[in-house]
Amino acid sequence: MKIGKKYIGRGDVIYDVIQEKKIPTATAETLDGLLDYDNQLMFIRSGLSQQRKEQTFLHEMFHDVTWPFEVYDLKKEEYVCLLESDLYAVLRRNKCNFAE
Ligand SMILES: [Zn+2]
């Protein structure tokens with residue numbers, strides 16, 4: 001999958017995707033990625049293998065689509081339903097095809 005320069009997340013929030021050698025936070029020495037909700041930035045460490053980049057992209061996407069789980073006290077079935085609709089929408093919007 002080609003990782004583009006934009007990630008269109010939950011609620012159509014658009015994040016800039018930034019691939020850099022080092023994730024710019026003090027605690028990010030070992031991080032491969034980071035989702036900065038406040039500034040709508042998704043960082044992915046450059047120099048990773050394609051598979052690792054795609055996994056990191058998915059990881060950050062999951063942070064985005066699971067954000068409501070941190071806020072609301074949901075039952076498992078409720079969050080699976082939320083995940084079903086939001087994850088489906090985000091995967092489609094970002095044209096995710098990991099078979100490429
Ligand atoms: Zn994480």
# chains A, B, ... in the order shown; residues from 1 in each chain; ligands from 1
call {"tool": "residues_near_ligand", "arguments": {"ligand": "ligand 1", "cutoff": "12 Å", "atoms": "only C-alpha atoms and all ligand atoms", "output": "list in words"}}
result
Ala28, Thr30, Leu31, Asp32, Gly33, Leu34, Leu35, Asp36, Met42, Phe43, Ile44, Gln55, Thr56, Phe57, Leu58, His59, Glu60, Met61, Phe62, His63, Asp64, Thr66 and Trp67 of chain A
call {"tool": "select_by_dssp", "arguments": {"residues": "chain A", "states": "strand (DSSP E or B)", "output": "JSON, numbers by chain"}}
result
{"A": [6, 7, 8, 14, 15, 16, 17, 18, 19, 20, 33, 34, 35, 36, 41, 42, 43, 44, 45]}
call {"tool": "write_last_selection", "arguments": {"atoms": "N, CA and C atoms", "output": "PDB file, in the first residue's frame"}}
result
ATOM      1  N   LYS A   6      -1.630  12.447   3.069  1.00  0.00           N
ATOM      2  CA  LYS A   6      -2.777  12.810   3.899  1.00  0.00           C
ATOM      3  C   LYS A   6      -3.431  11.542   4.420  1.00  0.00           C
ATOM      4  N   TYR A   7      -3.943  11.607   5.640  1.00  0.00           N
ATOM      5  CA  TYR A   7      -4.757  10.545   6.204  1.00  0.00           C
ATOM      6  C   TYR A   7      -6.099  11.175   6.559  1.00  0.00           C
ATOM      7  N   ILE A   8      -7.183  10.607   6.022  1.00  0.00           N
ATOM      8  CA  ILE A   8      -8.517  11.148   6.297  1.00  0.00           C
ATOM      9  C   ILE A   8      -9.147  10.274   7.367  1.00  0.00           C
ATOM     10  N   ILE A  14      -8.671  15.629   8.511  1.00  0.00           N
ATOM     11  CA  ILE A  14      -7.534  15.366   7.627  1.00  0.00           C
ATOM     12  C   ILE A  14      -6.227  15.608   8.380  1.00  0.00           C
ATOM     13  N   TYR A  15      -5.392  14.571   8.395  1.00  0.00           N
ATOM     14  CA  TYR A  15      -4.073  14.647   9.036  1.00  0.00           C
ATOM     15  C   TYR A  15      -3.009  14.708   7.944  1.00  0.00           C
ATOM     16  N   ASP A  16      -1.969  15.496   8.155  1.00  0.00           N
ATOM     17  CA  ASP A  16      -0.786  15.421   7.302  1.00  0.00           C
ATOM     18  C   ASP A  16       0.027  14.215   7.752  1.00  0.00           C
ATOM     19  N   VAL A  17       0.474  13.410   6.798  1.00  0.00           N
ATOM     20  CA  VAL A  17       1.321  12.257   7.125  1.00  0.00           C
ATOM     21  C   VAL A  17       2.770  12.670   6.906  1.00  0.00           C
ATOM     22  N   ILE A  18       3.553  12.570   7.958  1.00  0.00           N
ATOM     23  CA  ILE A  18       4.942  13.014   7.909  1.00  0.00           C
ATOM     24  C   ILE A  18       5.855  11.826   8.182  1.00  0.00           C
ATOM     25  N   GLN A  19       6.726  11.546   7.220  1.00  0.00           N
ATOM     26  CA  GLN A  19       7.687  10.455   7.404  1.00  0.00           C
ATOM     27  C   GLN A  19       9.046  11.077   7.687  1.00  0.00           C
ATOM     28  N   GLU A  20       9.522  10.839   8.905  1.00  0.00           N
ATOM     29  CA  GLU A  20      10.799  11.417   9.337  1.00  0.00           C
ATOM     30  C   GLU A  20      11.626  10.365  10.055  1.00  0.00           C
ATOM     31  N   GLY A  33       5.757   5.387  15.182  1.00  0.00           N
ATOM     32  CA  GLY A  33       4.733   6.302  14.698  1.00  0.00           C
ATOM     33  C   GLY A  33       4.076   7.043  15.839  1.00  0.00           C
ATOM     34  N   LEU A  34       3.332   8.055  15.471  1.00  0.00           N
ATOM     35  CA  LEU A  34       2.637   8.867  16.470  1.00  0.00           C
ATOM     36  C   LEU A  34       1.483   9.593  15.796  1.00  0.00           C
ATOM     37  N   LEU A  35       0.330   9.621  16.468  1.00  0.00           N
ATOM     38  CA  LEU A  35      -0.799  10.395  15.967  1.00  0.00           C
ATOM     39  C   LEU A  35      -0.977  11.596  16.889  1.00  0.00           C
ATOM     40  N   ASP A  36      -0.802  12.767  16.315  1.00  0.00           N
ATOM     41  CA  ASP A  36      -0.935  14.020  17.060  1.00  0.00           C
ATOM     42  C   ASP A  36      -2.314  14.590  16.733  1.00  0.00           C
ATOM     43  N   LEU A  41      -1.568  15.596  12.809  1.00  0.00           N
ATOM     44  CA  LEU A  41      -0.363  15.085  12.169  1.00  0.00           C
ATOM     45  C   LEU A  41      -0.222  13.599  12.479  1.00  0.00           C
ATOM     46  N   MET A  42       0.153  12.824  11.468  1.00  0.00           N
ATOM     47  CA  MET A  42       0.495  11.427  11.680  1.00  0.00           C
ATOM     48  C   MET A  42       1.962  11.257  11.308  1.00  0.00           C
ATOM     49  N   PHE A  43       2.768  10.889  12.292  1.00  0.00           N
ATOM     50  CA  PHE A  43       4.188  10.670  12.029  1.00  0.00           C
ATOM     51  C   PHE A  43       4.447   9.188  11.817  1.00  0.00           C
ATOM     52  N   ILE A  44       5.257   8.876  10.826  1.00  0.00           N
ATOM     53  CA  ILE A  44       5.726   7.508  10.605  1.00  0.00           C
ATOM     54  C   ILE A  44       7.229   7.590  10.411  1.00  0.00           C
ATOM     55  N   ARG A  45       7.955   6.776  11.168  1.00  0.00           N
ATOM     56  CA  ARG A  45       9.412   6.822  11.081  1.00  0.00           C
ATOM     57  C   ARG A  45       9.864   6.384   9.690  1.00  0.00           C
TER      58      ARG A  45
END
call {"tool": "atom_distance", "arguments": {"atom1": "atom CA of Glu54 of chain A", "atom2": "atom CA of Pro24 of chain A"}}
result
19.8 Å
call {"tool": "atom_distance", "arguments": {"atom1": "atom CA of Arg93 of chain A", "atom2": "atom CA of Val71 of chain A"}}
result
24.1 Å
call {"tool": "closest_residue", "arguments": {"among": "A:Met1, A:Ala99, A:Leu74, A:Leu91", "to": "Gln50 of chain A", "atoms": "only C-alpha atoms"}}
result
A:Met1
call {"tool": "select_by_dssp", "arguments": {"residues": "segment 8-100 of chain A", "states": "alpha helix (DSSP H)", "output": "ChimeraX atom specification"}}
result
/A:50-65,67-71,76-93
call {"tool": "closest_residue", "arguments": {"among": "A:Lys95, A:Pro68, A:Lys53, A:Gly47", "to": "Leu82 of chain A", "atoms": "only C-alpha atoms"}}
result
A:Pro68
call {"tool": "atom_distance", "arguments": {"atom1": "atom CA of Ile3 of chain A", "atom2": "atom CA of Val90 of chain A"}}
result
13.6 Å
call {"tool": "closest_residue", "arguments": {"among": "A:Lys76, A:Asp12, A:Lys2, A:Asn39", "to": "Asn97 of chain A", "atoms": "only C-alpha atoms"}}
result
A:Lys2
call {"tool": "residues_around", "arguments": {"residues": "Gly11 of chain A", "least_positions_apart": "4", "cutoff": "10 Å", "atoms": "only C-alpha atoms", "output": "compact mmCIF listing (two decimals) with N, CA and C atoms, in the first residue's frame"}}
result
# COMPACT_ATOMS: atom_id res chain seq x y z
N VAL A 65 -9.48 5.58 15.20
CA VAL A 65 -10.85 5.02 15.21
C VAL A 65 -11.28 4.51 16.58
N ASP A 86 -16.72 2.85 11.62
CA ASP A 86 -15.65 3.85 11.48
C ASP A 86 -14.42 3.28 10.77
N ALA A 89 -15.16 2.93 7.07
CA ALA A 89 -15.15 4.24 6.40
C ALA A 89 -13.71 4.74 6.19
N VAL A 90 -12.90 4.61 7.22
CA VAL A 90 -11.52 5.11 7.15
C VAL A 90 -10.68 4.29 6.16
call {"tool": "closest_residue", "arguments": {"among": "A:Gln51, A:Lys22, A:Ser46, A:Gly9", "to": "Arg92 of chain A", "atoms": "only C-alpha atoms"}}
result
A:Gly9
call {"tool": "closest_residue", "arguments": {"among": "A:Lys5, A:Lys75, A:Arg10, A:Lys21", "to": "Tyr37 of chain A", "atoms": "only C-alpha atoms"}}
result
A:Arg10
